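Raw structure_13.tsv, TSV, C-alpha atoms:
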```
chain	number	residue	atom	x	y	z
A	484	TYR	CA	135.54	126.54	124.64
A	485	LEU	CA	137.98	123.67	124.08
A	486	THR	CA	136.84	123.20	120.48
A	487	ALA	CA	137.13	126.91	119.69
A	488	LYS	CA	140.56	127.00	121.31
A	489	ALA	CA	141.74	124.02	119.25
A	490	LEU	CA	140.48	125.72	116.08
A	491	LYS	CA	141.90	129.10	117.11
A	492	MET	CA	138.46	130.65	116.78
A	493	ASP	CA	136.48	132.99	118.98
A	494	LEU	CA	133.50	131.44	120.75
A	495	ILE	CA	130.00	132.81	121.10
A	496	ASN	CA	128.09	130.34	123.24
A	497	PHE	CA	124.32	130.41	123.07
A	498	GLY	CA	123.94	127.10	124.85
A	499	PHE	CA	121.19	126.89	127.44
A	500	ALA	CA	122.09	124.28	130.01
A	501	GLY	CA	119.07	122.16	130.77
A	502	SER	CA	116.58	124.43	129.05
A	503	ALA	CA	117.40	124.49	125.34
A	504	ARG	CA	114.12	123.85	123.55
A	505	MET	CA	115.02	124.94	120.00
A	506	GLU	CA	112.52	127.77	120.16
A	507	PRO	CA	111.67	129.22	116.73
A	508	GLU	CA	112.23	132.73	118.11
A	509	LEU	CA	115.78	131.83	119.14
A	510	ALA	CA	116.44	130.26	115.74
A	511	ASP	CA	115.32	133.50	114.10
A	512	VAL	CA	117.59	135.60	116.32
A	513	LEU	CA	120.60	133.36	115.72
A	514	ALA	CA	119.92	133.23	111.98
A	515	ALA	CA	119.85	137.03	111.80
A	516	ARG	CA	123.20	137.50	113.56
A	517	GLY	CA	126.09	138.19	111.23
A	518	ASP	CA	128.93	137.77	113.72
A	519	TRP	CA	129.62	134.05	113.35
A	520	ASP	CA	131.59	131.90	110.93
A	521	ALA	CA	130.29	128.43	111.85
A	522	ALA	CA	127.61	126.99	114.10
A	523	THR	CA	127.34	123.78	116.10
A	524	LEU	CA	123.85	122.71	117.11
A	525	GLU	CA	123.53	119.84	119.59
A	526	MET	CA	119.90	118.85	119.75
A	527	GLY	CA	117.90	116.41	121.79
A	528	VAL	CA	118.83	115.78	125.39
A	529	ASN	CA	117.03	118.77	126.90
A	530	VAL	CA	113.69	117.76	125.44
A	531	LEU	CA	113.61	114.05	126.24
A	532	GLY	CA	110.31	113.54	128.00
A	533	VAL	CA	109.15	117.00	126.93
A	534	PHE	CA	108.42	116.66	123.21
A	535	THR	CA	106.84	113.88	121.22
A	536	PRO	CA	108.91	112.73	118.23
A	537	GLU	CA	106.61	114.76	115.97
A	538	GLU	CA	107.12	117.93	118.02
A	539	PHE	CA	110.85	117.28	118.14
A	540	ARG	CA	111.05	116.87	114.35
A	541	GLU	CA	109.15	120.12	113.83
A	542	ARG	CA	111.50	122.01	116.17
A	543	VAL	CA	114.68	120.51	114.68
A	544	GLU	CA	113.61	121.16	111.10
A	545	TYR	CA	112.72	124.77	111.84
A	546	PHE	CA	115.84	125.43	113.94
A	547	VAL	CA	118.24	123.98	111.37
A	548	GLY	CA	116.31	125.44	108.45
A	549	ALA	CA	116.29	128.95	109.87
A	550	ILE	CA	119.97	129.04	110.79
A	551	ALA	CA	121.38	127.15	107.79
A	552	GLY	CA	118.85	128.41	105.26
A	553	ARG	CA	119.41	132.08	106.01
A	554	ASN	CA	123.20	131.64	106.12
A	555	PRO	CA	124.01	129.39	103.15
A	556	ASP	CA	127.65	130.52	103.08
A	557	LYS	CA	128.32	129.40	106.68
A	558	PRO	CA	128.85	125.80	107.80
A	559	VAL	CA	126.34	124.42	110.28
A	560	PHE	CA	127.17	121.24	112.18
A	561	CYS	CA	124.18	119.31	113.55
A	562	ILE	CA	124.99	117.00	116.45
A	563	ASP	CA	122.58	114.49	117.90
A	564	MET	CA	122.67	113.40	121.53
A	565	PHE	CA	125.86	112.26	123.14
A	566	ARG	CA	125.78	109.03	125.08
A	567	LEU	CA	123.69	109.14	128.24
A	568	TYR	CA	121.75	106.80	130.49
A	569	GLY	CA	118.94	106.59	127.90
A	570	SER	CA	121.33	105.41	125.21
A	571	TYR	CA	121.13	101.91	126.58
A	572	GLY	CA	117.42	101.28	126.34
A	573	GLU	CA	116.14	103.25	129.33
A	574	HIS	CA	114.51	105.97	127.22
A	575	PRO	CA	112.70	104.96	124.03
A	576	ASN	CA	113.01	108.37	122.35
A	577	VAL	CA	116.83	108.45	122.36
A	578	PRO	CA	117.21	106.49	119.10
A	579	VAL	CA	114.17	108.21	117.59
A	580	PHE	CA	115.45	111.72	118.36
A	581	ARG	CA	118.95	110.82	117.15
A	582	ARG	CA	117.49	109.59	113.87
A	583	ILE	CA	115.45	112.78	113.44
A	584	VAL	CA	118.56	114.97	113.79
A	585	ARG	CA	120.46	112.79	111.30
A	586	GLU	CA	117.61	112.77	108.79
A	587	THR	CA	117.17	116.53	109.02
A	588	ALA	CA	120.88	117.22	108.61
A	589	GLU	CA	121.28	114.74	105.76
A	590	SER	CA	118.08	115.72	103.94
A	591	GLY	CA	119.97	117.72	101.34
A	592	ARG	CA	117.83	120.81	101.90
A	593	HIS	CA	120.89	122.79	102.99
A	594	ALA	CA	124.28	122.13	101.40
A	595	ASN	CA	126.04	123.88	104.29
A	596	VAL	CA	124.80	121.39	106.92
A	597	THR	CA	126.95	118.53	108.18
A	598	TYR	CA	125.67	115.79	110.47
A	599	LEU	CA	127.91	114.71	113.35
A	600	ASP	CA	127.08	111.59	115.33
A	601	GLY	CA	127.10	112.31	119.06
A	602	TRP	CA	128.13	108.72	119.79
A	603	GLU	CA	131.24	109.14	117.63
A	604	LEU	CA	132.09	112.37	119.43
A	605	LEU	CA	131.70	110.64	122.82
A	606	PRO	CA	132.43	107.00	121.96
A	607	SER	CA	132.20	105.53	125.44
A	608	ALA	CA	130.09	105.83	128.55
A	609	ASP	CA	133.42	106.20	130.37
A	610	GLY	CA	133.22	109.85	129.31
A	611	LEU	CA	130.08	110.49	131.34
A	612	GLY	CA	129.86	112.08	134.76
A	613	ALA	CA	128.17	110.49	137.76
A	614	ASP	CA	124.68	111.56	136.60
A	615	LEU	CA	125.13	109.59	133.35
A	616	VAL	CA	123.86	112.57	131.35
A	617	HIS	CA	126.59	115.18	131.37
A	618	PRO	CA	130.08	114.48	130.07
A	619	SER	CA	132.86	114.34	132.62
A	620	PRO	CA	135.88	116.64	132.17
A	621	ASP	CA	137.63	113.82	130.27
A	622	GLY	CA	134.49	113.33	128.20
A	623	MET	CA	134.39	117.03	127.37
A	624	ARG	CA	138.01	116.85	126.22
A	625	THR	CA	137.20	113.87	124.02
A	626	ILE	CA	134.20	115.64	122.50
A	627	ALA	CA	136.23	118.82	121.91
A	628	GLU	CA	139.08	116.97	120.19
A	629	ARG	CA	136.76	114.98	117.96
A	630	LEU	CA	134.55	117.97	117.20
A	631	ALA	CA	137.55	120.13	116.28
A	632	ALA	CA	138.80	117.39	113.95
A	633	ALA	CA	135.39	117.15	112.28
A	634	ILE	CA	135.15	120.92	111.83
A	635	ARG	CA	138.75	121.51	110.78
A	636	GLY	CA	139.00	121.94	107.04
A	637	LYS	CA	135.35	122.96	106.70
A	638	VAL	CA	135.87	126.41	108.22
A	639	SER	CA	138.48	129.05	107.67
A	640	THR	CA	140.29	129.95	110.87
```
Could you express the structure from this file as structure tokens?
Amino acid sequence: YLTAKALKMDLINFGFAGSARMEPELADVLAARGDWDAATLEMGVNVLGVFTPEEFRERVEYFVGAIAGRNPDKPVFCIDMFRLYGSYGEHPNVPVFRRIVRETAESGRHANVTYLDGWELLPSADGLGADLVHPSPDGMRTIAERLAAAIRGKVST
């Protein structure tokens, strides 16, 4: 909401708190919708401990490929995980999953895809809530400001 407000854009939120699994069926539905001008896809945190790196790569590549590939005239911003407890060595797949998102976004397969580093959007653990997974209100503001700056100029508002 804060990012859309800063960009003076309408928001359609298809986020699934705690259960986003980058299902191919959802990618197909989102790719077929014509009522959006830009997409942000944050991928990773909901599947830590659920998918192997190979399964994660398969899901990310399909999800990004379906949405960006079927909408080559619309910018798609791929965001890896924000900082969380696992960013500091507690979960071995955090750096692996982050790398997979970056590699997929920067592969050159889709010219309309831009990679955004979740650690640059939330540069400090100070922006985390007490659970060390979800951003605090201040963290959300930081993410929104940085995300709006990254998107600005790449979309028409």
So which residues touch segment 520-537 of chain A within 9 Å, counting only C-alpha atoms, skipping near sequence neighbours fewer than 2 positions away, as a PDB file with C-alpha atoms, in the frame of the given file?
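Result saved to around-v9.pdb:
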```pdb
ATOM      1  CA  GLY A 498     123.940 127.100 124.850  1.00  0.00           C
ATOM      2  CA  ALA A 500     122.090 124.280 130.010  1.00  0.00           C
ATOM      3  CA  GLY A 501     119.070 122.160 130.770  1.00  0.00           C
ATOM      4  CA  SER A 502     116.580 124.430 129.050  1.00  0.00           C
ATOM      5  CA  ALA A 503     117.400 124.490 125.340  1.00  0.00           C
ATOM      6  CA  ARG A 504     114.120 123.850 123.550  1.00  0.00           C
ATOM      7  CA  MET A 505     115.020 124.940 120.000  1.00  0.00           C
ATOM      8  CA  GLY A 517     126.090 138.190 111.230  1.00  0.00           C
ATOM      9  CA  ASP A 518     128.930 137.770 113.720  1.00  0.00           C
ATOM     10  CA  PHE A 539     110.850 117.280 118.140  1.00  0.00           C
ATOM     11  CA  ARG A 540     111.050 116.870 114.350  1.00  0.00           C
ATOM     12  CA  GLU A 541     109.150 120.120 113.830  1.00  0.00           C
ATOM     13  CA  ARG A 542     111.500 122.010 116.170  1.00  0.00           C
ATOM     14  CA  VAL A 543     114.680 120.510 114.680  1.00  0.00           C
ATOM     15  CA  VAL A 547     118.240 123.980 111.370  1.00  0.00           C
ATOM     16  CA  ILE A 550     119.970 129.040 110.790  1.00  0.00           C
ATOM     17  CA  ALA A 551     121.380 127.150 107.790  1.00  0.00           C
ATOM     18  CA  ASP A 556     127.650 130.520 103.080  1.00  0.00           C
ATOM     19  CA  LYS A 557     128.320 129.400 106.680  1.00  0.00           C
ATOM     20  CA  PRO A 558     128.850 125.800 107.800  1.00  0.00           C
ATOM     21  CA  VAL A 559     126.340 124.420 110.280  1.00  0.00           C
ATOM     22  CA  PHE A 560     127.170 121.240 112.180  1.00  0.00           C
ATOM     23  CA  CYS A 561     124.180 119.310 113.550  1.00  0.00           C
ATOM     24  CA  ILE A 562     124.990 117.000 116.450  1.00  0.00           C
ATOM     25  CA  ASP A 563     122.580 114.490 117.900  1.00  0.00           C
ATOM     26  CA  MET A 564     122.670 113.400 121.530  1.00  0.00           C
ATOM     27  CA  PHE A 565     125.860 112.260 123.140  1.00  0.00           C
ATOM     28  CA  LEU A 567     123.690 109.140 128.240  1.00  0.00           C
ATOM     29  CA  HIS A 574     114.510 105.970 127.220  1.00  0.00           C
ATOM     30  CA  ASN A 576     113.010 108.370 122.350  1.00  0.00           C
ATOM     31  CA  VAL A 577     116.830 108.450 122.360  1.00  0.00           C
ATOM     32  CA  VAL A 579     114.170 108.210 117.590  1.00  0.00           C
ATOM     33  CA  PHE A 580     115.450 111.720 118.360  1.00  0.00           C
ATOM     34  CA  ARG A 581     118.950 110.820 117.150  1.00  0.00           C
ATOM     35  CA  ILE A 583     115.450 112.780 113.440  1.00  0.00           C
ATOM     36  CA  VAL A 584     118.560 114.970 113.790  1.00  0.00           C
ATOM     37  CA  GLY A 601     127.100 112.310 119.060  1.00  0.00           C
ATOM     38  CA  VAL A 616     123.860 112.570 131.350  1.00  0.00           C
ATOM     39  CA  ILE A 634     135.150 120.920 111.830  1.00  0.00           C
ATOM     40  CA  VAL A 638     135.870 126.410 108.220  1.00  0.00           C
ATOM     41  CA  SER A 639     138.480 129.050 107.670  1.00  0.00           C
ATOM     42  CA  THR A 640     140.290 129.950 110.870  1.00  0.00           C
TER      43      THR A 640
END
```
| task | Please determine the residues with any atom at most 7 Å from (127.8, 104.4, 130.9) (coordinates as given in the file, with all atoms listed in the file counting) and report them as a ChimeraX atom specification. | result | /A:567-568,608-609,611,615
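Considering the residues A:Gly552, A:Phe499, A:Leu513, A:Ala489 and counting only C-alpha atoms, Ala632 of chain A has its shortest atom-to-atom contact with A:Ala489.
Using only C-alpha atoms, the contacts of Glu628 of chain A at a cut-off of 10 Å, with sequence neighbours closer than 2 positions omitted, comprise Leu485, Thr486, Ala489, Leu490, Leu604, Gly622, Met623, Arg624, Thr625, Ile626, Leu630, Ala631, Ala632 and Ala633 of chain A.
Considering only C-alpha atoms, the residue among A:Met492, A:Leu605, A:Ala487, A:Ala588 positioned nearest to Arg629 of chain A is A:Leu605.
Here the question is which of A:Pro618, A:Ala515, A:Arg566, A:Glu506 gets nearest to Phe546 of chain A using all atoms listed in the file, and that residue is A:Glu506.
The closest residue to Arg592 of chain A, picked from A:Asp493, A:Trp519, A:Gly548, A:Gly636 and counting all atoms listed in the file, is A:Gly548.
Minimum atom-to-atom distance to Arg582 of chain A, evaluated using all atoms listed in the file, belongs to A:Leu599 out of A:Ala549, A:Leu599, A:Val512, A:Ala594.
The interatomic distance for the pair atom CA of Asn554 of chain A and atom CA of Arg516 of chain A works out to 9.5 Å.
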| task | Figure out the distance between atom CA of Lys491 of chain A and atom CA of Pro555 of chain A, please, to one decimal in Å. | result | 22.7 Å
Please put the answer as JSON: centre and edge lengths, in Å with one decimal, of a box along x, y and z that encloses all listed atoms of segment 518-530 of chain A plus 8 Å on each side.
```
{"center_x": 122.6, "center_y": 126.8, "center_z": 118.9, "size_x": 33.9, "size_y": 38.0, "size_z": 32.0}
```
| request: Can you work out the spacing between atom CA of Leu494 of chain A and atom CA of Glu508 of chain A in Å, to one decimal? | output: 21.5 Å
Would you save segment 484-539 of chain A from the block above with C-alpha atoms, as a PDB file, in the first residue's frame?
```
ATOM      1  CA  TYR A 484       0.000   0.000   0.000  1.00  0.00           C
ATOM      2  CA  LEU A 485       2.702   2.515   0.959  1.00  0.00           C
ATOM      3  CA  THR A 486       4.639   1.896  -2.253  1.00  0.00           C
ATOM      4  CA  ALA A 487       1.543   2.274  -4.427  1.00  0.00           C
ATOM      5  CA  LYS A 488       0.605   5.445  -2.558  1.00  0.00           C
ATOM      6  CA  ALA A 489       4.082   6.917  -3.076  1.00  0.00           C
ATOM      7  CA  LEU A 490       3.868   6.114  -6.791  1.00  0.00           C
ATOM      8  CA  LYS A 491       0.271   7.360  -7.041  1.00  0.00           C
ATOM      9  CA  MET A 492      -0.802   3.989  -8.406  1.00  0.00           C
ATOM     10  CA  ASP A 493      -3.695   1.703  -7.608  1.00  0.00           C
ATOM     11  CA  LEU A 494      -2.800  -1.484  -5.768  1.00  0.00           C
ATOM     12  CA  ILE A 495      -3.981  -5.003  -6.454  1.00  0.00           C
ATOM     13  CA  ASN A 496      -2.454  -7.193  -3.757  1.00  0.00           C
ATOM     14  CA  PHE A 497      -2.217 -10.901  -4.427  1.00  0.00           C
ATOM     15  CA  GLY A 498       0.125 -11.509  -1.519  1.00  0.00           C
ATOM     16  CA  PHE A 499      -0.549 -14.600   0.553  1.00  0.00           C
ATOM     17  CA  ALA A 500       0.761 -14.063   4.054  1.00  0.00           C
ATOM     18  CA  GLY A 501       2.578 -17.151   5.207  1.00  0.00           C
ATOM     19  CA  SER A 502       1.348 -19.383   2.415  1.00  0.00           C
ATOM     20  CA  ALA A 503       2.723 -18.042  -0.864  1.00  0.00           C
ATOM     21  CA  ARG A 504       4.216 -21.035  -2.645  1.00  0.00           C
ATOM     22  CA  MET A 505       4.583 -19.646  -6.190  1.00  0.00           C
ATOM     23  CA  GLU A 506       2.086 -22.152  -7.506  1.00  0.00           C
ATOM     24  CA  PRO A 507       2.173 -22.513 -11.307  1.00  0.00           C
ATOM     25  CA  GLU A 508      -1.621 -22.176 -11.404  1.00  0.00           C
ATOM     26  CA  LEU A 509      -1.424 -18.802  -9.646  1.00  0.00           C
ATOM     27  CA  ALA A 510       1.331 -17.658 -12.009  1.00  0.00           C
ATOM     28  CA  ASP A 511      -0.912 -18.545 -14.949  1.00  0.00           C
ATOM     29  CA  VAL A 512      -3.863 -16.631 -13.492  1.00  0.00           C
ATOM     30  CA  LEU A 513      -1.753 -13.549 -12.751  1.00  0.00           C
ATOM     31  CA  ALA A 514      -0.102 -13.693 -16.176  1.00  0.00           C
ATOM     32  CA  ALA A 515      -3.501 -13.758 -17.875  1.00  0.00           C
ATOM     33  CA  ARG A 516      -4.841 -10.694 -16.043  1.00  0.00           C
ATOM     34  CA  GLY A 517      -4.727  -7.498 -18.062  1.00  0.00           C
ATOM     35  CA  ASP A 518      -5.505  -5.044 -15.273  1.00  0.00           C
ATOM     36  CA  TRP A 519      -2.000  -4.287 -14.021  1.00  0.00           C
ATOM     37  CA  ASP A 520       0.814  -1.989 -15.094  1.00  0.00           C
ATOM     38  CA  ALA A 521       3.701  -3.385 -13.022  1.00  0.00           C
ATOM     39  CA  ALA A 522       4.285  -6.355 -10.744  1.00  0.00           C
ATOM     40  CA  THR A 523       6.443  -6.883  -7.678  1.00  0.00           C
ATOM     41  CA  LEU A 524       7.230 -10.477  -6.777  1.00  0.00           C
ATOM     42  CA  GLU A 525       8.894 -11.135  -3.413  1.00  0.00           C
ATOM     43  CA  MET A 526       9.951 -14.746  -3.331  1.00  0.00           C
ATOM     44  CA  GLY A 527      11.492 -17.001  -0.754  1.00  0.00           C
ATOM     45  CA  VAL A 528      10.582 -16.593   2.875  1.00  0.00           C
ATOM     46  CA  ASN A 529       7.348 -18.604   2.811  1.00  0.00           C
ATOM     47  CA  VAL A 530       9.066 -21.699   1.467  1.00  0.00           C
ATOM     48  CA  LEU A 531      12.148 -21.870   3.682  1.00  0.00           C
ATOM     49  CA  GLY A 532      12.117 -25.388   5.055  1.00  0.00           C
ATOM     50  CA  VAL A 533       9.442 -26.396   2.542  1.00  0.00           C
ATOM     51  CA  PHE A 534      11.283 -26.590  -0.784  1.00  0.00           C
ATOM     52  CA  THR A 535      14.717 -27.855  -1.670  1.00  0.00           C
ATOM     53  CA  PRO A 536      16.837 -25.385  -3.648  1.00  0.00           C
ATOM     54  CA  GLU A 537      16.024 -27.347  -6.814  1.00  0.00           C
ATOM     55  CA  GLU A 538      12.271 -27.145  -6.169  1.00  0.00           C
ATOM     56  CA  PHE A 539      12.594 -23.470  -5.318  1.00  0.00           C
TER      57      PHE A 539
END
```
